[in-house]
file target-v5.json (JSON, C-alpha atoms and all ligand atoms)
[["chain", "number", "residue", "atom", "x", "y", "z"],
["F", 1, "THR", "CA", -0.80, 101.32, 31.05],
["F", 2, "SER", "CA", -3.29, 99.96, 28.58],
["F", 3, "PHE", "CA", -2.97, 96.93, 26.34],
["F", 4, "TYR", "CA", -2.14, 99.24, 23.44],
["F", 5, "GLU", "CA", 0.77, 100.87, 25.25],
["F", 6, "ARG", "CA", 2.68, 97.62, 25.45],
["F", 7, "TYR", "CA", 4.32, 95.41, 22.85],
["F", 8, "HIS", "CA", 2.76, 92.01, 22.25],
["F", 9, "ASN", "CA", 4.19, 88.77, 21.04],
["F", 10, "LEU", "CA", 2.74, 86.98, 18.05],
["F", 11, "GLU", "CA", 0.53, 84.66, 20.06],
["F", 12, "GLU", "CA", -1.02, 87.62, 21.88],
["F", 13, "ILE", "CA", -1.60, 89.42, 18.58],
["F", 14, "TYR", "CA", -3.36, 86.39, 17.06],
["F", 15, "HIS", "CA", -5.52, 86.20, 20.16],
["F", 16, "TRP", "CA", -6.27, 89.92, 19.88],
["F", 17, "VAL", "CA", -7.30, 89.50, 16.22],
["F", 18, "ASN", "CA", -9.79, 86.84, 17.18],
["F", 19, "LYS", "CA", -11.17, 88.67, 20.18],
["F", 20, "THR", "CA", -11.50, 91.96, 18.31],
["F", 21, "ALA", "CA", -13.53, 90.28, 15.59],
["F", 22, "THR", "CA", -15.83, 88.46, 18.03],
["F", 23, "ASP", "CA", -16.34, 91.45, 20.31],
["F", 24, "HIS", "CA", -17.14, 93.78, 17.40],
["F", 25, "ALA", "CA", -18.72, 91.43, 14.88],
["F", 26, "ASN", "CA", -20.84, 94.27, 13.45],
["F", 27, "MET", "CA", -17.76, 96.25, 12.38],
["F", 28, "VAL", "CA", -14.92, 93.75, 12.04],
["F", 29, "LYS", "CA", -14.34, 90.68, 9.94],
["F", 30, "VAL", "CA", -11.26, 88.46, 9.77],
["F", 31, "LEU", "CA", -9.96, 87.38, 6.38],
["F", 32, "LEU", "CA", -7.24, 84.80, 5.89],
["F", 33, "ILE", "CA", -5.17, 85.99, 2.93],
["F", 34, "GLY", "CA", -2.42, 83.37, 2.96],
["F", 35, "SER", "CA", 0.25, 81.92, 5.17],
["F", 36, "SER", "CA", 3.88, 82.56, 5.97],
["F", 37, "PHE", "CA", 6.88, 80.42, 5.03],
["F", 38, "GLU", "CA", 6.54, 78.57, 8.35],
["F", 39, "LYS", "CA", 2.80, 78.19, 7.68],
["F", 40, "ARG", "CA", 1.50, 80.79, 10.11],
["F", 41, "PRO", "CA", -1.76, 82.47, 9.09],
["F", 42, "LEU", "CA", -1.79, 85.97, 7.59],
["F", 43, "TYR", "CA", -4.93, 87.56, 8.99],
["F", 44, "VAL", "CA", -6.43, 90.78, 7.70],
["F", 45, "LEU", "CA", -9.07, 92.67, 9.65],
["F", 46, "LYS", "CA", -11.73, 94.28, 7.53],
["F", 47, "LEU", "CA", -13.28, 97.29, 9.27],
["F", 48, "SER", "CA", -16.54, 98.72, 7.98],
["F", 49, "GLY", "CA", -18.69, 101.59, 9.14],
["F", 50, "ARG", "CA", -22.13, 102.24, 7.77],
["F", 51, "ALA", "CA", -23.18, 99.67, 5.19],
["F", 52, "SER", "CA", -23.65, 100.81, 1.63],
["F", 53, "ASN", "CA", -25.27, 99.29, -1.43],
["F", 54, "THR", "CA", -22.76, 100.54, -3.95],
["F", 55, "PRO", "CA", -19.41, 98.77, -3.81],
["F", 56, "LYS", "CA", -17.36, 100.71, -1.30],
["F", 57, "LYS", "CA", -13.92, 102.12, -1.87],
["F", 58, "ALA", "CA", -11.24, 100.83, 0.45],
["F", 59, "MET", "CA", -7.88, 101.51, 2.00],
["F", 60, "TRP", "CA", -5.17, 99.03, 2.92],
["F", 61, "ILE", "CA", -2.70, 99.30, 5.75],
["F", 62, "ASP", "CA", -0.02, 96.78, 6.63],
["F", 63, "CYS", "CA", 2.33, 96.56, 9.57],
["F", 64, "GLY", "CA", 5.26, 94.38, 10.49],
["F", 65, "ILE", "CA", 6.90, 93.78, 7.12],
["F", 66, "HIS", "CA", 10.20, 94.09, 8.98],
["F", 67, "ALA", "CA", 10.44, 91.88, 12.04],
["F", 68, "ARG", "CA", 12.35, 94.17, 14.41],
["F", 69, "GLU", "CA", 10.17, 97.26, 13.89],
["F", 70, "TRP", "CA", 7.91, 96.51, 16.84],
["F", 71, "ILE", "CA", 6.19, 99.87, 16.85],
["F", 72, "SER", "CA", 4.66, 98.95, 13.51],
["F", 73, "PRO", "CA", 2.34, 96.09, 14.61],
["F", 74, "ALA", "CA", 1.69, 98.14, 17.76],
["F", 75, "PHE", "CA", 0.40, 100.91, 15.50],
["F", 76, "CYS", "CA", -1.92, 98.59, 13.57],
["F", 77, "LEU", "CA", -3.47, 97.43, 16.85],
["F", 78, "TRP", "CA", -3.75, 101.03, 18.06],
["F", 79, "PHE", "CA", -5.35, 102.08, 14.78],
["F", 80, "VAL", "CA", -7.96, 99.30, 14.79],
["F", 81, "ASP", "CA", -8.85, 100.04, 18.40],
["F", 82, "ASN", "CA", -9.24, 103.71, 17.55],
["F", 83, "CYS", "CA", -11.48, 102.99, 14.57],
["F", 84, "ILE", "CA", -13.72, 100.73, 16.63],
["F", 85, "ASN", "CA", -13.99, 103.00, 19.65],
["F", 86, "TYR", "CA", -14.33, 106.34, 17.91],
["F", 87, "TYR", "CA", -16.65, 105.38, 15.09],
["F", 88, "GLY", "CA", -19.67, 107.61, 15.47],
["F", 89, "LEU", "CA", -17.85, 109.83, 18.00],
["F", 90, "ASN", "CA", -14.87, 111.28, 16.18],
["F", 91, "ARG", "CA", -15.74, 113.09, 12.96],
["F", 92, "GLU", "CA", -12.66, 112.04, 11.01],
["F", 93, "ILE", "CA", -12.82, 108.39, 11.99],
["F", 94, "THR", "CA", -16.51, 108.26, 11.15],
["F", 95, "GLU", "CA", -16.02, 109.98, 7.81],
["F", 96, "MET", "CA", -13.15, 107.66, 6.96],
["F", 97, "MET", "CA", -15.05, 104.49, 7.84],
["F", 98, "ASP", "CA", -18.23, 105.57, 6.12],
["F", 99, "ALA", "CA", -16.38, 106.33, 2.91],
["F", 100, "MET", "CA", -14.04, 103.35, 2.85],
["F", 101, "ASP", "CA", -13.65, 99.81, 4.04],
["F", 102, "ILE", "CA", -10.36, 99.46, 5.84],
["F", 103, "TYR", "CA", -8.17, 96.39, 5.48],
["F", 104, "VAL", "CA", -5.55, 96.00, 8.19],
["F", 105, "LEU", "CA", -2.78, 93.39, 8.13],
["F", 106, "PRO", "CA", -1.25, 93.68, 11.62],
["F", 107, "VAL", "CA", 1.79, 91.46, 10.97],
["F", 108, "MET", "CA", 2.93, 90.76, 7.40],
["F", 109, "ASN", "CA", 5.99, 88.86, 8.63],
["F", 110, "PRO", "CA", 4.83, 86.66, 11.52],
["F", 111, "ASP", "CA", 7.79, 84.24, 11.35],
["F", 112, "GLY", "CA", 10.32, 87.05, 11.58],
["F", 113, "TYR", "CA", 8.35, 88.85, 14.27],
["F", 114, "ARG", "CA", 8.22, 85.73, 16.40],
["F", 115, "TYR", "CA", 11.97, 85.23, 15.88],
["F", 116, "THR", "CA", 12.69, 88.72, 17.25],
["F", 117, "TRP", "CA", 10.84, 87.77, 20.44],
["F", 118, "THR", "CA", 12.44, 84.37, 20.92],
["F", 119, "THR", "CA", 15.92, 84.51, 19.45],
["F", 120, "LYS", "CA", 17.26, 87.63, 17.81],
["F", 121, "ARG", "CA", 15.77, 91.04, 18.55],
["F", 122, "MET", "CA", 17.33, 92.76, 15.52],
["F", 123, "TRP", "CA", 16.14, 90.32, 12.85],
["F", 124, "ARG", "CA", 14.62, 92.09, 9.80],
["F", 125, "LYS", "CA", 13.73, 89.55, 7.09],
["F", 126, "ASN", "CA", 11.28, 86.68, 6.95],
["F", 127, "ARG", "CA", 12.49, 83.17, 7.82],
["F", 128, "SER", "CA", 12.49, 81.35, 4.51],
["F", 129, "ILE", "CA", 15.20, 78.82, 3.84],
["F", 130, "HIS", "CA", 16.64, 78.17, 0.43],
["F", 131, "PRO", "CA", 17.66, 74.76, -0.78],
["F", 132, "ASN", "CA", 21.39, 74.30, -0.05],
["F", 133, "GLY", "CA", 21.70, 77.87, 1.23],
["F", 134, "VAL", "CA", 23.42, 78.79, 4.45],
["F", 135, "CYS", "CA", 21.63, 82.05, 5.19],
["F", 136, "VAL", "CA", 17.98, 82.49, 6.13],
["F", 137, "GLY", "CA", 15.41, 85.04, 5.11],
["F", 138, "VAL", "CA", 14.34, 87.47, 2.41],
["F", 139, "ASP", "CA", 13.65, 91.18, 2.89],
["F", 140, "LEU", "CA", 9.94, 91.29, 2.09],
["F", 141, "ASN", "CA", 10.24, 94.96, 1.20],
["F", 142, "ARG", "CA", 12.66, 94.06, -1.59],
["F", 143, "ASN", "CA", 10.62, 91.12, -2.89],
["F", 144, "PHE", "CA", 7.86, 92.98, -4.74],
["F", 145, "ASP", "CA", 7.90, 93.41, -8.49],
["F", 146, "ALA", "CA", 9.07, 97.03, -8.79],
["F", 147, "ASN", "CA", 12.48, 97.25, -10.48],
["F", 148, "TRP", "CA", 13.13, 94.10, -8.51],
["F", 149, "CYS", "CA", 16.66, 93.52, -7.22],
["F", 150, "THR", "CA", 18.25, 96.49, -8.93],
["F", 151, "SER", "CA", 20.50, 98.95, -7.10],
["F", 152, "GLY", "CA", 19.47, 99.29, -3.43],
["F", 153, "ALA", "CA", 18.72, 95.59, -2.90],
["F", 154, "SER", "CA", 21.07, 92.65, -2.51],
["F", 155, "SER", "CA", 21.20, 89.34, -4.35],
["F", 156, "ASN", "CA", 23.22, 87.83, -1.51],
["F", 157, "PRO", "CA", 20.99, 85.68, 0.74],
["F", 158, "CYS", "CA", 23.17, 86.58, 3.70],
["F", 159, "ASP", "CA", 22.39, 90.30, 3.44],
["F", 160, "ASP", "CA", 19.62, 92.09, 5.30],
["F", 161, "THR", "CA", 18.23, 93.48, 2.03],
["F", 162, "TYR", "CA", 18.24, 90.18, 0.12],
["F", 163, "CYS", "CA", 15.61, 90.41, -2.62],
["F", 164, "GLY", "CA", 14.79, 86.69, -2.89],
["F", 165, "GLN", "CA", 15.01, 84.33, -5.86],
["F", 166, "TYR", "CA", 12.44, 86.17, -7.98],
["F", 167, "PRO", "CA", 9.68, 88.77, -7.43],
["F", 168, "GLU", "CA", 7.03, 87.48, -5.01],
["F", 169, "SER", "CA", 9.10, 84.38, -4.29],
["F", 170, "GLU", "CA", 8.02, 84.76, -0.67],
["F", 171, "PRO", "CA", 4.57, 83.60, 0.42],
["F", 172, "GLU", "CA", 4.04, 86.71, 2.59],
["F", 173, "ALA", "CA", 4.70, 89.13, -0.30],
["F", 174, "GLN", "CA", 2.70, 86.99, -2.68],
["F", 175, "ALA", "CA", -0.31, 86.88, -0.35],
["F", 176, "VAL", "CA", -0.38, 90.68, -0.10],
["F", 177, "ALA", "CA", 0.15, 91.12, -3.85],
["F", 178, "ASN", "CA", -2.60, 88.63, -4.68],
["F", 179, "PHE", "CA", -5.03, 90.30, -2.31],
["F", 180, "LEU", "CA", -4.36, 93.76, -3.71],
["F", 181, "ARG", "CA", -4.52, 92.54, -7.31],
["F", 182, "SER", "CA", -7.93, 91.04, -6.68],
["F", 183, "HIS", "CA", -9.14, 94.19, -4.87],
["F", 184, "LYS", "CA", -7.54, 96.80, -7.08],
["F", 185, "ALA", "CA", -10.88, 98.09, -8.31],
["F", 186, "THR", "CA", -11.76, 99.27, -4.79],
["F", 187, "VAL", "CA", -8.49, 99.92, -2.94],
["F", 188, "LYS", "CA", -7.57, 103.60, -3.43],
["F", 189, "LEU", "CA", -5.05, 104.14, -0.64],
["F", 190, "TYR", "CA", -2.11, 101.93, 0.34],
["F", 191, "VAL", "CA", -0.16, 102.55, 3.54],
["F", 192, "SER", "CA", 2.75, 100.54, 4.90],
["F", 193, "ILE", "CA", 4.02, 101.15, 8.43],
["F", 194, "HIS", "CA", 7.72, 100.89, 9.30],
["F", 195, "SER", "CA", 10.23, 102.39, 11.71],
["F", 196, "TYR", "CA", 12.36, 104.25, 12.43],
["F", 197, "SER", "CA", 13.36, 107.79, 11.33],
["F", 198, "GLN", "CA", 10.09, 109.79, 11.24],
["F", 199, "MET", "CA", 9.35, 110.08, 7.56],
["F", 200, "LEU", "CA", 6.28, 110.09, 5.33],
["F", 201, "LEU", "CA", 7.46, 108.52, 2.08],
["F", 202, "PHE", "CA", 5.76, 107.98, -1.24],
["F", 203, "PRO", "CA", 6.84, 106.54, -4.63],
["F", 204, "TYR", "CA", 9.17, 106.17, -6.14],
["F", 205, "SER", "CA", 11.81, 104.48, -4.04],
["F", 206, "CYS", "CA", 12.76, 102.07, -6.81],
["F", 207, "ALA", "CA", 13.91, 104.78, -9.23],
["F", 208, "HIS", "CA", 14.84, 108.45, -9.25],
["F", 209, "GLU", "CA", 11.92, 109.53, -11.40],
["F", 210, "LEU", "CA", 8.87, 111.29, -9.95],
["F", 211, "THR", "CA", 5.34, 109.87, -10.16],
["F", 212, "ALA", "CA", 2.72, 111.45, -12.42],
["F", 213, "ASN", "CA", 0.88, 112.74, -9.33],
["F", 214, "HIS", "CA", 4.02, 113.81, -7.45],
["F", 215, "ASP", "CA", 2.73, 117.25, -6.49],
["F", 216, "GLU", "CA", -0.45, 115.83, -5.06],
["F", 217, "LEU", "CA", 1.36, 113.17, -3.00],
["F", 218, "ASN", "CA", 3.91, 115.71, -1.84],
["F", 219, "GLU", "CA", 1.23, 118.10, -0.68],
["F", 220, "MET", "CA", -0.63, 115.38, 1.19],
["F", 221, "ALA", "CA", 2.56, 114.27, 2.93],
["F", 222, "GLN", "CA", 3.53, 117.85, 3.70],
["F", 223, "ASP", "CA", 0.15, 118.66, 5.23],
["F", 224, "ALA", "CA", 0.32, 115.51, 7.34],
["F", 225, "ALA", "CA", 3.84, 116.34, 8.52],
["F", 226, "ASN", "CA", 2.70, 119.87, 9.38],
["F", 227, "ASP", "CA", -0.19, 118.51, 11.41],
["F", 228, "ILE", "CA", 2.18, 116.33, 13.40],
["F", 229, "GLN", "CA", 4.53, 119.24, 13.97],
["F", 230, "ARG", "CA", 1.70, 121.48, 15.09],
["F", 231, "TYR", "CA", -0.04, 119.02, 17.43],
["F", 232, "TYR", "CA", 2.82, 116.97, 18.77],
["F", 233, "ARG", "CA", 5.98, 118.98, 18.11],
["F", 234, "SER", "CA", 7.59, 116.03, 16.31],
["F", 235, "HIS", "CA", 9.49, 116.53, 13.11],
["F", 236, "TYR", "CA", 8.73, 114.30, 10.11],
["F", 237, "LYS", "CA", 10.53, 114.48, 6.79],
["F", 238, "PHE", "CA", 8.51, 113.78, 3.69],
["F", 239, "GLY", "CA", 9.14, 113.09, 0.02],
["F", 240, "PRO", "CA", 9.69, 110.34, -2.53],
["F", 241, "GLY", "CA", 11.63, 107.46, -0.98],
["F", 242, "SER", "CA", 14.51, 107.60, -3.46],
["F", 243, "LYS", "CA", 15.36, 111.20, -2.51],
["F", 244, "THR", "CA", 14.30, 111.20, 1.12],
["F", 245, "ILE", "CA", 15.72, 107.94, 2.47],
["F", 246, "TYR", "CA", 17.50, 105.92, -0.23],
["F", 247, "LEU", "CA", 17.04, 104.09, -3.50],
["F", 248, "ALA", "CA", 15.39, 100.77, -2.61],
["F", 249, "PRO", "CA", 13.64, 98.67, -5.27],
["F", 250, "GLY", "CA", 11.11, 95.89, -4.76],
["F", 251, "GLY", "CA", 9.08, 97.72, -2.11],
["F", 252, "SER", "CA", 5.39, 97.21, -1.53],
["F", 253, "ASP", "CA", 4.54, 100.91, -1.86],
["F", 254, "ASP", "CA", 6.05, 101.27, -5.34],
["F", 255, "TRP", "CA", 4.50, 98.00, -6.44],
["F", 256, "ALA", "CA", 1.06, 99.07, -5.18],
["F", 257, "TYR", "CA", 1.43, 102.41, -6.92],
["F", 258, "ASN", "CA", 2.30, 100.73, -10.22],
["F", 259, "LEU", "CA", -0.70, 98.43, -9.78],
["F", 260, "GLY", "CA", -2.85, 101.55, -10.01],
["F", 261, "ILE", "CA", -3.26, 102.54, -6.36],
["F", 262, "ASN", "CA", -2.42, 106.21, -6.89],
["F", 263, "TYR", "CA", -2.17, 107.06, -3.22],
["F", 264, "SER", "CA", 0.62, 104.97, -1.76],
["F", 265, "PHE", "CA", 2.69, 105.77, 1.32],
["F", 266, "THR", "CA", 5.26, 104.31, 3.64],
["F", 267, "PHE", "CA", 5.38, 105.81, 7.13],
["F", 268, "GLU", "CA", 8.54, 105.52, 9.16],
["F", 269, "LEU", "CA", 7.44, 106.03, 12.75],
["F", 270, "GLN", "CA", 9.45, 107.15, 15.82],
["F", 271, "ASP", "CA", 12.06, 107.74, 16.70],
["F", 272, "ARG", "CA", 14.93, 109.49, 14.94],
["F", 273, "GLY", "CA", 17.60, 107.19, 16.29],
["F", 274, "ARG", "CA", 17.88, 107.62, 20.03],
["F", 275, "TYR", "CA", 16.34, 104.20, 20.64],
["F", 276, "GLY", "CA", 15.86, 103.19, 17.01],
["F", 277, "PHE", "CA", 14.06, 99.86, 16.70],
["F", 278, "LEU", "CA", 14.13, 99.51, 20.49],
["F", 279, "LEU", "CA", 11.55, 102.24, 21.08],
["F", 280, "PRO", "CA", 10.55, 101.92, 24.75],
["F", 281, "PRO", "CA", 6.91, 101.10, 25.53],
["F", 282, "ASN", "CA", 6.32, 104.48, 27.20],
["F", 283, "LEU", "CA", 6.77, 106.09, 23.77],
["F", 284, "ILE", "CA", 4.22, 103.85, 21.97],
["F", 285, "ALA", "CA", 1.32, 106.22, 22.61],
["F", 286, "ASN", "CA", 3.16, 109.27, 21.23],
["F", 287, "ALA", "CA", 4.35, 107.39, 18.18],
["F", 288, "CYS", "CA", 0.88, 106.02, 17.43],
["F", 289, "LYS", "CA", -1.00, 109.26, 18.02],
["F", 290, "GLU", "CA", 1.12, 111.24, 15.59],
["F", 291, "ALA", "CA", 1.02, 108.51, 12.94],
["F", 292, "LEU", "CA", -2.75, 108.29, 13.35],
["F", 293, "LEU", "CA", -3.05, 112.02, 12.83],
["F", 294, "ALA", "CA", -1.07, 111.74, 9.59],
["F", 295, "LEU", "CA", -3.12, 108.79, 8.42],
["F", 296, "LYS", "CA", -6.40, 110.60, 9.09],
["F", 297, "SER", "CA", -5.18, 113.68, 7.27],
["F", 298, "ILE", "CA", -4.12, 111.69, 4.21],
["F", 299, "SER", "CA", -7.15, 109.43, 4.06],
["F", 300, "LEU", "CA", -9.61, 112.33, 4.32],
["F", 301, "LYS", "CA", -7.88, 113.97, 1.37],
["F", 302, "VAL", "CA", -8.01, 110.74, -0.61],
["F", 303, "ILE", "CA", -11.73, 110.44, 0.06],
["F", 304, "LYS", "CA", -12.31, 113.85, -1.51],
["F", 305, "ARG", "CA", -10.41, 112.86, -4.64],
["F", 306, "ILE", "CA", -11.84, 109.43, -5.40],
["V", 401, "LIG", "O1", 14.23, 100.10, 3.48],
["V", 401, "LIG", "C1", 13.02, 99.95, 3.66],
["V", 401, "LIG", "O2", 12.40, 98.96, 3.24],
["V", 401, "LIG", "C2", 12.24, 101.01, 4.44],
["V", 401, "LIG", "N1", 13.05, 101.53, 5.52],
["V", 401, "LIG", "S1", 13.31, 100.55, 6.84],
["V", 401, "LIG", "O3", 14.28, 101.23, 7.70],
["V", 401, "LIG", "N2", 11.96, 100.43, 7.67],
["V", 401, "LIG", "O4", 13.74, 99.26, 6.39],
["V", 401, "LIG", "C3", 11.87, 102.15, 3.51],
["V", 401, "LIG", "C4", 10.88, 101.75, 2.47],
["V", 401, "LIG", "C5", 10.58, 102.85, 1.49],
["V", 401, "LIG", "N3", 9.92, 102.31, 0.32],
["V", 401, "LIG", "C6", 10.56, 101.53, -0.58],
["V", 401, "LIG", "N4", 11.84, 101.28, -0.49],
["V", 401, "LIG", "N5", 9.85, 101.07, -1.57],
["V", 402, "ZN", "ZN", 10.99, 98.62, 7.68]]

call {"tool": "encode", "arguments": {"input": "target-v5.json", "output": "structure tokens", "more": "lines below"}}
Ligand code: 0X9
Ligand code: ZN
result
Amino acid sequence: TSFYERYHNLEEIYHWVNKTATDHANMVKVLLIGSSFEKRPLYVLKLSGRASNTPKKAMWIDCGIHAREWISPAFCLWFVDNCINYYGLNREITEMMDAMDIYVLPVMNPDGYRYTWTTKRMWRKNRSIHPNGVCVGVDLNRNFDANWCTSGASSNPCDDTYCGQYPESEPEAQAVANFLRSHKATVKLYVSIHSYSQMLLFPYSCAHELTANHDELNEMAQDAANDIQRYYRSHYKFGPGSKTIYLAPGGSDDWAYNLGINYSFTFELQDRGRYGFLLPPNLIANACKEALLALKSISLKVIKRI
């Protein structure tokens, strides 16, 4: 099996980031966008196809917000590898990379991810400690400023959905928010990769209301889900988070949408519960291929509309 069909610990992923950038210096750059609570670097890979004079539009994709969702970083690695190897060969990849720069954050929560490898496989949050608190960690996908800490998040630091002390209290969420704020003129598509349950979600999750472009987002998600069904016989649900999965405020997708990134999605990859977060390595390829198909479908539609 290839490198991309295995799970990798944090050290291996950092090494991969470095090697990918050196081996493909013409297409890949590494940006340091901040650091985690335990001071680990947050690296973003910037992928670019053909150079252009006019400022290029961009898309953002992040993986590993939640520590135990190992298929998520695995997808980011898979995706980058695919972009690099199929640029100029695959029509969709080429079109996507010529139209947009692609920012990829392979692990938003490095401290938590490392902790799932060393100590507790089912850890979800980051690893921040609060003065005189007993419990560790904030749910980074409840820490963004979108109806922060209302119903669907917890204000108890011991809970898995703890929202933190205030919006963007966590360095990992703040780094992502700062980067997107400073690139909001160019970033047109936001995608966040999670697992599990096989869903293509879009805003809002933080409220029951529908977005202004609901029909457009719904159609894009539906088409992507249909593609997956047709090519891989896997079933994906789609819809606004609040109706499709549950009400959950403070998420990155809703925050990015409210920032003005009109195309904002959260993918929940395989499976539907048989293995859950413990998706075996022999299913990585399937999970990544179908998510890649959905991502291509959505990004090509975004390109036509921006
Ligand atoms: O609850 C979450 O953060 C995500 N599900 S997970 O099982 N991976 O934890 C869903 C996120 C959907 N979007 C928002 N809640 N904003
Ligand atoms: Zn998640």

call {"tool": "atom_distance", "arguments": {"input": "target-v5.json", "atom1": "CA of Thr150 in chain F", "atom2": "CA of Met220 in chain F"}}
result
28.6 Å

call {"tool": "closest_atom_pairs", "arguments": {"input": "target-v5.json", "of": "range 20-86 of chain F", "to": "range 4-16 of chain F", "cutoff": "9 Å", "atoms": "all atoms listed in the file", "output": "tab-separated table"}}
result
residue	atom	partner	partner_atom	distance
F:Thr20	CA	F:Trp16	CA	5.8
F:Ala21	CA	F:Trp16	CA	8.4
F:Tyr43	CA	F:Tyr14	CA	8.3
F:Trp70	CA	F:Tyr7	CA	7.1
F:Ile71	CA	F:Tyr7	CA	7.7
F:Pro73	CA	F:Tyr7	CA	8.5
F:Ala74	CA	F:Tyr7	CA	6.3
F:Phe75	CA	F:Tyr4	CA	8.5
F:Leu77	CA	F:Tyr4	CA	7.0
F:Trp78	CA	F:Tyr4	CA	5.9
F:Asp81	CA	F:Tyr4	CA	8.4

call {"tool": "write_last_selection", "arguments": {"input": "target-v5.json", "atoms": "C-alpha atoms", "output": "short mmCIF file (atom, residue, chain, number, x, y, z; two decimals), keeping the file's coordinate frame"}}
result
data_model
loop_
_atom_site.label_atom_id
_atom_site.label_comp_id
_atom_site.auth_asym_id
_atom_site.auth_seq_id
_atom_site.Cartn_x
_atom_site.Cartn_y
_atom_site.Cartn_z
CA THR F 20 -11.50 91.96 18.31
CA ALA F 21 -13.53 90.28 15.59
CA TYR F 43 -4.93 87.56 8.99
CA TRP F 70 7.91 96.51 16.84
CA ILE F 71 6.19 99.87 16.85
CA PRO F 73 2.34 96.09 14.61
CA ALA F 74 1.69 98.14 17.76
CA PHE F 75 0.40 100.91 15.50
CA LEU F 77 -3.47 97.43 16.85
CA TRP F 78 -3.75 101.03 18.06
CA ASP F 81 -8.85 100.04 18.40
#

call {"tool": "residues_near_ligand", "arguments": {"input": "target-v5.json", "ligand": "ligand ZN 402 (chain V)", "cutoff": "12 Å", "atoms": "all atoms listed in the file", "output": "ChimeraX atom specification"}}
result
/F:62-73,108-109,122-126,139-142,160-161,192-199,201,245,248,251-253,266-270,276-277

call {"tool": "axis_aligned_box", "arguments": {"input": "target-v5.json", "around": "range 228-246 of chain F", "padding_each_side": "4 Å", "output": "lines of an AutoDock Vina configuration file"}}
result
center_x = 8.7
center_y = 113.7
center_z = 7.7
size_x = 25.5
size_y = 23.6
size_z = 30.2

call {"tool": "closest_residue", "arguments": {"input": "target-v5.json", "among": "F:Thr1, F:Ser299, F:Thr244, F:Ser264", "to": "Asp223 in chain F", "atoms": "all atoms listed in the file"}}
result
F:Ser299

call {"tool": "closest_residue", "arguments": {"input": "target-v5.json", "among": "F:Tyr103, F:Tyr87, F:Phe37, F:Trp148", "to": "ligand LIG 401 (chain V)", "atoms": "all atoms listed in the file"}}
result
F:Trp148

call {"tool": "closest_residue", "arguments": {"input": "target-v5.json", "among": "F:Leu283, F:Cys288, F:Leu278, F:Ala153", "to": "ligand LIG 401 (chain V)", "atoms": "only C-alpha atoms and all ligand atoms"}}
result
F:Ala153

call {"tool": "residues_near_point", "arguments": {"input": "target-v5.json", "point": "(-1.6, 115.1, -7.7)", "cutoff": "12 Å", "atoms": "only C-alpha atoms", "output": "list in words"}}
result
Leu210, Thr211, Ala212, Asn213, His214, Asp215, Glu216, Leu217, Asn218, Glu219, Met220, Ala221, Asn262, Tyr263, Ser264, Lys301, Val302, Arg305 and Ile306 of chain F

call {"tool": "build_atoms", "arguments": {"input": "target-v5.json", "residues": "range 262-273 of chain F", "atoms": "N, CA and C atoms", "output": "JSON list (two decimals), keeping the file's coordinate frame"}}
result
[["chain", "number", "residue", "atom", "x", "y", "z"],
["F", 262, "ASN", "N", -3.13, 104.94, -6.69],
["F", 262, "ASN", "CA", -2.42, 106.21, -6.89],
["F", 262, "ASN", "C", -1.96, 106.88, -5.61],
["F", 263, "TYR", "N", -2.57, 106.49, -4.50],
["F", 263, "TYR", "CA", -2.17, 107.06, -3.22],
["F", 263, "TYR", "C", -1.49, 105.96, -2.42],
["F", 264, "SER", "N", -0.17, 106.04, -2.36],
["F", 264, "SER", "CA", 0.62, 104.97, -1.76],
["F", 264, "SER", "C", 1.71, 105.58, -0.89],
["F", 265, "PHE", "N", 1.75, 105.16, 0.36],
["F", 265, "PHE", "CA", 2.69, 105.77, 1.32],
["F", 265, "PHE", "C", 3.37, 104.72, 2.18],
["F", 266, "THR", "N", 4.59, 105.05, 2.59],
["F", 266, "THR", "CA", 5.26, 104.31, 3.64],
["F", 266, "THR", "C", 5.55, 105.30, 4.77],
["F", 267, "PHE", "N", 5.08, 104.97, 5.97],
["F", 267, "PHE", "CA", 5.38, 105.81, 7.13],
["F", 267, "PHE", "C", 6.53, 105.16, 7.90],
["F", 268, "GLU", "N", 7.50, 105.95, 8.22],
["F", 268, "GLU", "CA", 8.54, 105.52, 9.16],
["F", 268, "GLU", "C", 8.25, 106.21, 10.48],
["F", 269, "LEU", "N", 7.85, 105.44, 11.48],
["F", 269, "LEU", "CA", 7.44, 106.03, 12.75],
["F", 269, "LEU", "C", 8.66, 106.38, 13.62],
["F", 270, "GLN", "N", 8.38, 106.76, 14.88],
["F", 270, "GLN", "CA", 9.45, 107.15, 15.82],
["F", 270, "GLN", "C", 10.45, 106.02, 16.00],
["F", 271, "ASP", "N", 11.68, 106.36, 16.43],
["F", 271, "ASP", "CA", 12.06, 107.74, 16.70],
["F", 271, "ASP", "C", 13.04, 108.18, 15.63],
["F", 272, "ARG", "N", 13.95, 109.10, 15.96],
["F", 272, "ARG", "CA", 14.93, 109.49, 14.94],
["F", 272, "ARG", "C", 16.31, 108.89, 15.22],
["F", 273, "GLY", "N", 16.36, 107.92, 16.11],
["F", 273, "GLY", "CA", 17.60, 107.19, 16.29],
["F", 273, "GLY", "C", 18.08, 107.05, 17.73]]
